[in-house]
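Reproduced below: final_16.tsv, with TSV, C-alpha atoms.
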```
chain	number	residue	atom	x	y	z
A	13	VAL	CA	8.12	-89.05	189.69
A	14	LEU	CA	10.18	-86.45	191.59
A	15	PRO	CA	10.33	-86.13	195.38
A	16	LEU	CA	7.71	-83.69	196.68
A	17	ARG	CA	10.14	-80.94	197.72
A	18	LEU	CA	12.10	-81.12	194.46
A	19	ALA	CA	8.89	-81.13	192.43
A	20	GLY	CA	7.66	-78.07	194.31
A	21	THR	CA	10.98	-76.32	193.70
A	22	VAL	CA	10.85	-77.07	189.97
A	23	LEU	CA	7.26	-75.81	189.73
A	24	ALA	CA	8.12	-72.63	191.66
A	25	ILE	CA	11.12	-71.92	189.39
A	26	GLY	CA	8.99	-72.55	186.29
A	27	ALA	CA	6.24	-70.21	187.50
A	28	ALA	CA	8.78	-67.51	188.39
A	29	ALA	CA	10.43	-67.85	184.96
A	30	LEU	CA	7.09	-67.47	183.17
A	31	LEU	CA	6.10	-64.39	185.19
A	32	THR	CA	9.45	-62.69	184.67
A	33	VAL	CA	9.25	-63.20	180.90
A	34	LEU	CA	5.89	-61.40	180.96
A	35	PHE	CA	7.05	-58.76	183.49
A	36	PRO	CA	10.88	-58.39	183.34
A	37	SER	CA	11.11	-56.15	186.43
A	38	LEU	CA	9.82	-59.09	188.48
A	39	ALA	CA	13.18	-60.83	187.93
A	40	LEU	CA	14.88	-58.08	189.91
A	41	ALA	CA	12.07	-58.04	192.49
A	42	LEU	CA	12.40	-61.81	193.02
A	43	LEU	CA	16.15	-61.42	193.38
A	44	GLY	CA	15.78	-58.72	196.04
A	45	PHE	CA	13.18	-60.75	197.91
A	46	SER	CA	15.28	-63.92	197.81
A	47	VAL	CA	18.31	-62.50	199.66
A	48	PRO	CA	17.17	-63.13	203.26
A	49	PHE	CA	15.52	-66.42	202.31
A	50	GLN	CA	18.10	-67.76	199.87
A	51	ASP	CA	18.73	-70.98	201.80
A	52	ALA	CA	15.05	-71.94	201.50
A	53	VAL	CA	15.94	-73.29	198.05
A	54	SER	CA	19.29	-75.01	197.90
A	55	ILE	CA	20.27	-77.32	195.05
A	56	PRO	CA	23.56	-79.25	195.41
A	57	VAL	CA	25.79	-78.96	192.34
A	58	GLY	CA	29.11	-80.76	192.64
A	59	GLY	CA	30.73	-79.65	195.87
A	60	PHE	CA	28.64	-76.44	196.06
A	61	SER	CA	25.02	-75.55	196.70
A	62	VAL	CA	23.08	-73.21	194.42
A	63	THR	CA	20.77	-70.98	196.46
A	64	ALA	CA	17.56	-69.19	195.56
A	65	THR	CA	19.47	-65.93	195.12
A	66	GLU	CA	21.90	-67.47	192.63
A	67	LEU	CA	18.98	-68.96	190.70
A	68	ALA	CA	17.37	-65.50	190.67
A	69	VAL	CA	20.60	-63.98	189.28
A	70	ALA	CA	20.60	-66.59	186.50
A	71	LEU	CA	16.93	-65.84	185.78
A	72	LEU	CA	17.72	-62.12	185.65
A	73	ALA	CA	20.47	-62.76	183.08
A	74	VAL	CA	18.15	-64.93	180.95
A	75	VAL	CA	15.37	-62.32	180.99
A	76	TRP	CA	17.83	-59.58	180.03
A	77	PHE	CA	19.24	-61.70	177.18
A	78	MET	CA	15.74	-62.47	175.88
A	79	ARG	CA	14.85	-58.78	175.97
A	80	VAL	CA	18.01	-57.79	174.09
A	81	SER	CA	17.42	-60.53	171.51
A	82	ALA	CA	13.81	-59.42	170.94
A	83	ARG	CA	14.77	-55.76	170.51
A	84	HIS	CA	18.01	-56.41	168.58
A	85	ARG	CA	19.64	-53.72	170.68
A	86	LEU	CA	22.24	-54.09	173.41
A	87	SER	CA	21.33	-52.09	176.52
A	88	LEU	CA	23.73	-51.97	179.45
A	89	GLN	CA	23.31	-49.40	182.20
A	90	GLN	CA	25.91	-48.68	184.90
A	91	ALA	CA	28.57	-50.55	182.87
A	92	GLY	CA	31.26	-48.26	184.33
A	93	VAL	CA	31.10	-50.24	187.58
A	94	TRP	CA	33.12	-52.98	185.87
A	95	LEU	CA	36.27	-50.83	185.85
A	96	PRO	CA	36.77	-50.73	189.64
A	97	LEU	CA	35.11	-54.12	190.05
A	98	GLY	CA	37.43	-55.64	187.45
A	99	ALA	CA	40.47	-54.26	189.29
A	100	PHE	CA	39.16	-55.68	192.55
A	101	LEU	CA	38.49	-59.08	190.97
A	102	GLY	CA	42.02	-59.11	189.53
A	103	ILE	CA	43.50	-58.57	193.00
A	104	ALA	CA	41.16	-61.23	194.39
A	105	LEU	CA	42.36	-63.72	191.78
A	106	LEU	CA	45.96	-63.06	192.78
A	107	SER	CA	45.13	-63.55	196.45
A	108	MET	CA	43.47	-66.89	195.66
A	109	THR	CA	46.94	-68.35	195.04
A	110	GLN	CA	47.42	-68.18	198.83
A	111	ALA	CA	43.91	-69.28	199.81
A	112	GLU	CA	43.49	-72.15	202.24
A	113	SER	CA	40.28	-73.22	200.48
A	114	LEU	CA	40.12	-72.71	196.73
A	115	GLY	CA	36.46	-73.74	196.66
A	116	LEU	CA	35.35	-71.14	199.21
A	117	SER	CA	37.45	-68.47	197.52
A	118	THR	CA	35.84	-69.26	194.16
A	119	LYS	CA	32.36	-69.05	195.70
A	120	ALA	CA	33.19	-65.62	197.17
A	121	LEU	CA	34.54	-64.45	193.80
A	122	VAL	CA	31.37	-65.60	192.06
A	123	LYS	CA	29.31	-63.48	194.47
A	124	TRP	CA	31.20	-60.35	193.39
A	125	LEU	CA	30.59	-61.26	189.75
A	126	GLU	CA	26.89	-61.63	190.58
A	127	PHE	CA	26.99	-58.17	192.17
A	128	GLY	CA	28.23	-56.63	188.92
A	129	LEU	CA	25.67	-58.52	186.86
A	130	VAL	CA	22.79	-57.50	189.10
A	131	LEU	CA	23.81	-53.84	189.00
A	132	THR	CA	24.22	-53.60	185.22
A	133	LEU	CA	21.44	-55.95	184.08
A	134	GLY	CA	19.03	-54.81	186.77
A	135	ALA	CA	19.46	-51.14	185.89
A	136	SER	CA	18.78	-52.03	182.27
A	137	LEU	CA	15.51	-53.79	183.11
A	138	ILE	CA	14.02	-50.92	185.14
A	139	GLN	CA	12.24	-48.89	182.48
A	140	SER	CA	9.48	-47.05	184.35
A	141	PRO	CA	8.37	-45.78	187.79
A	142	ARG	CA	6.15	-48.87	188.03
A	143	ASP	CA	9.17	-51.13	187.59
A	144	MET	CA	10.99	-49.21	190.32
A	145	ALA	CA	7.96	-49.46	192.62
A	146	ILE	CA	7.79	-53.25	192.13
A	147	VAL	CA	11.48	-53.70	192.98
A	148	LEU	CA	11.40	-51.36	195.99
A	149	GLY	CA	8.21	-53.00	197.25
A	150	ALA	CA	9.81	-56.45	197.11
A	151	LEU	CA	12.89	-55.22	198.97
A	152	LEU	CA	10.89	-53.56	201.74
A	153	ILE	CA	8.47	-56.49	202.16
A	154	ALA	CA	11.42	-58.88	202.46
A	155	GLY	CA	13.10	-56.57	204.98
A	156	ALA	CA	9.93	-56.24	207.06
A	157	ALA	CA	9.46	-60.02	207.10
A	158	GLU	CA	13.08	-60.53	208.14
A	159	ALA	CA	12.79	-57.91	210.89
A	160	LEU	CA	9.65	-59.57	212.30
A	161	TYR	CA	11.42	-62.93	212.24
A	162	GLY	CA	14.33	-61.45	214.19
A	163	LEU	CA	12.00	-59.78	216.69
A	164	ASN	CA	10.35	-63.12	217.34
A	165	GLN	CA	13.78	-64.70	217.93
A	166	ALA	CA	14.62	-62.01	220.48
A	167	ARG	CA	11.19	-62.27	222.14
A	168	THR	CA	11.31	-66.04	222.54
A	169	GLY	CA	15.06	-66.27	223.16
A	170	THR	CA	15.48	-68.82	220.37
A	171	GLY	CA	19.15	-68.98	219.46
A	172	PRO	CA	22.62	-70.31	220.31
A	173	ALA	CA	24.00	-69.61	223.78
A	174	GLY	CA	26.85	-67.56	222.30
A	175	PHE	CA	24.38	-64.97	220.96
A	176	PHE	CA	23.05	-64.01	224.40
A	177	LEU	CA	24.12	-60.75	226.03
A	178	GLY	CA	23.85	-59.72	229.66
A	179	GLY	CA	20.38	-59.97	231.16
A	180	GLY	CA	19.40	-62.81	228.87
A	181	VAL	CA	18.98	-60.56	225.80
A	182	LEU	CA	19.43	-62.45	222.54
A	183	ARG	CA	21.25	-60.92	219.58
A	184	ALA	CA	18.82	-61.77	216.79
A	185	PHE	CA	20.34	-63.36	213.69
A	186	GLY	CA	17.30	-63.81	211.45
A	187	THR	CA	17.73	-66.24	208.58
A	188	PHE	CA	21.39	-65.20	208.10
A	189	GLY	CA	22.76	-67.43	210.87
A	190	GLN	CA	24.87	-64.58	212.33
A	191	PRO	CA	23.85	-61.30	214.03
A	192	ASN	CA	26.24	-59.04	212.06
A	193	PRO	CA	25.06	-59.78	208.48
A	194	PHE	CA	21.47	-59.71	209.78
A	195	ALA	CA	22.06	-56.23	211.24
A	196	ALA	CA	23.84	-55.02	208.09
A	197	TYR	CA	20.96	-56.20	205.90
A	198	LEU	CA	18.35	-54.44	208.04
A	199	ALA	CA	20.45	-51.27	208.34
A	200	THR	CA	20.77	-51.06	204.55
A	201	LEU	CA	17.03	-51.42	204.01
A	202	LEU	CA	16.28	-49.05	206.89
A	203	SER	CA	18.37	-46.39	205.12
A	204	LEU	CA	16.41	-47.02	201.92
A	205	ALA	CA	13.04	-46.88	203.70
A	206	GLY	CA	14.07	-43.74	205.61
A	207	GLY	CA	15.15	-41.97	202.41
A	208	MET	CA	11.88	-42.90	200.70
A	209	GLY	CA	9.96	-41.64	203.72
A	210	LEU	CA	11.72	-38.27	203.62
A	211	VAL	CA	10.94	-37.90	199.91
A	212	LEU	CA	7.26	-38.69	200.48
A	213	ILE	CA	7.06	-36.20	203.37
A	214	SER	CA	8.71	-33.53	201.23
A	215	ARG	CA	6.29	-34.13	198.36
A	216	ALA	CA	3.31	-34.04	200.71
A	217	ARG	CA	4.41	-30.66	202.06
A	218	HIS	CA	4.77	-29.20	198.57
A	219	GLN	CA	1.30	-30.41	197.69
```
Go ahead and render the structure in this file as structure tokens.
Amino acid sequence: VLPLRLAGTVLAIGAAALLTVLFPSLALALLGFSVPFQDAVSIPVGGFSVTATELAVALLAVVWFMRVSARHRLSLQQAGVWLPLGAFLGIALLSMTQAESLGLSTKALVKWLEFGLVLTLGASLIQSPRDMAIVLGALLIAGAAEALYGLNQARTGTGPAGFFLGGGVLRAFGTFGQPNPFAAYLATLLSLAGGMGLVLISRARHQ
């Protein structure tokens, strides 16, 4: 009954929801993996589009709520982040009175709310070293895939004319559409991977 792409999207969301109910840490892993590929799933809602990352945030909140309901115990880790984040959001709300586009400002504000939710709910769902390994693995696999995609862009010179430097070198932009957020994403994950590498080397030496 549904168009093929929409049907595939619905099936993928359903499968992800089922897996995350069985393995709650997968909700956070899916969220981390979705960041560079969030536009692969885009559902128009009103004047906005809901991306794969926003769907993953909603799934994370549902899984957390189900877990709390089953255990009859409220568990919130890193809740202190809401003090500075709340102050920031208050200032942002004031600045929105001067915004040229209320819609874009609202979308940016929602992203900061998602940040707080991911930090507090995600920290509450990680209960064991295995959970941590699943989340870190998803982040690093997504980063490696994004890096390879960017390398291929640079190798083939596939990109807008404005992204070329001297000598015909292309500034890769990955799936982010712009070189700077692409570089920031990879730099963040490179720091994570480097720190993990140093820990593993240190442990190997002790052993």
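Going from atom CA of Gly134 of chain A to atom CA of Gly162 of chain A covers 28.6 Å.
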Write out as a ChimeraX atom specification the residues lying within 9 Å of segment 176-191 of chain A, counting only C-alpha atoms and excluding same-chain residues fewer than 5 positions away.
/A:48-51,158-171,196
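Here atom CA of Gly102 of chain A is placed at a distance of 27.2 Å from atom CA of Leu40 of chain A.
Between Val74 of chain A and the residues A:Leu137, A:Val62, A:Leu121, A:Leu131, the shortest atom-to-atom distance, using only C-alpha atoms, involves A:Leu137.
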Using only C-alpha atoms, can you list as a PyMOL selection string the residues within 9 Å of (15.1, -69.0, 192.6)?
chain A and resi 21+24-25+28+42-43+46+50+53+63-71
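Here atom CA of Leu72 of chain A stands at a distance of 20.8 Å from atom CA of Gly98 of chain A.
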Might you pull out every residue within 9 Å of Ala91 of chain A, with all atoms listed in the file counted and same-chain residues fewer than 3 positions away left off, and present them as a ChimeraX atom specification?
/A:88,94-95,128,131-132
A:Ser113, A:Pro36, A:Pro56, A:Ile103 ranked by distance to Trp76 of chain A, top pick (using all atoms listed in the file):
A:Pro36
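Using only C-alpha atoms for every distance, the candidate list A:Thr32, A:Ser37, A:Ser214, A:Asn192 yields A:Ser37 as the residue closest to Leu148 of chain A.
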Calculated over only C-alpha atoms, which of the candidates A:Ala99, A:Ala157, A:Ala135, A:Ala104 has the smallest distance to Lys119 of chain A?
A:Ala104
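Distance check against Ala145 of chain A using all atoms listed in the file: of A:Val13, A:Val33, A:Met208, A:Ala199, the minimum falls on A:Met208.
Distances to Ala39 of chain A were evaluated for A:Leu14, A:Val22, A:Ile55, A:Val147 using all atoms listed in the file, and the minimum falls at A:Val147.
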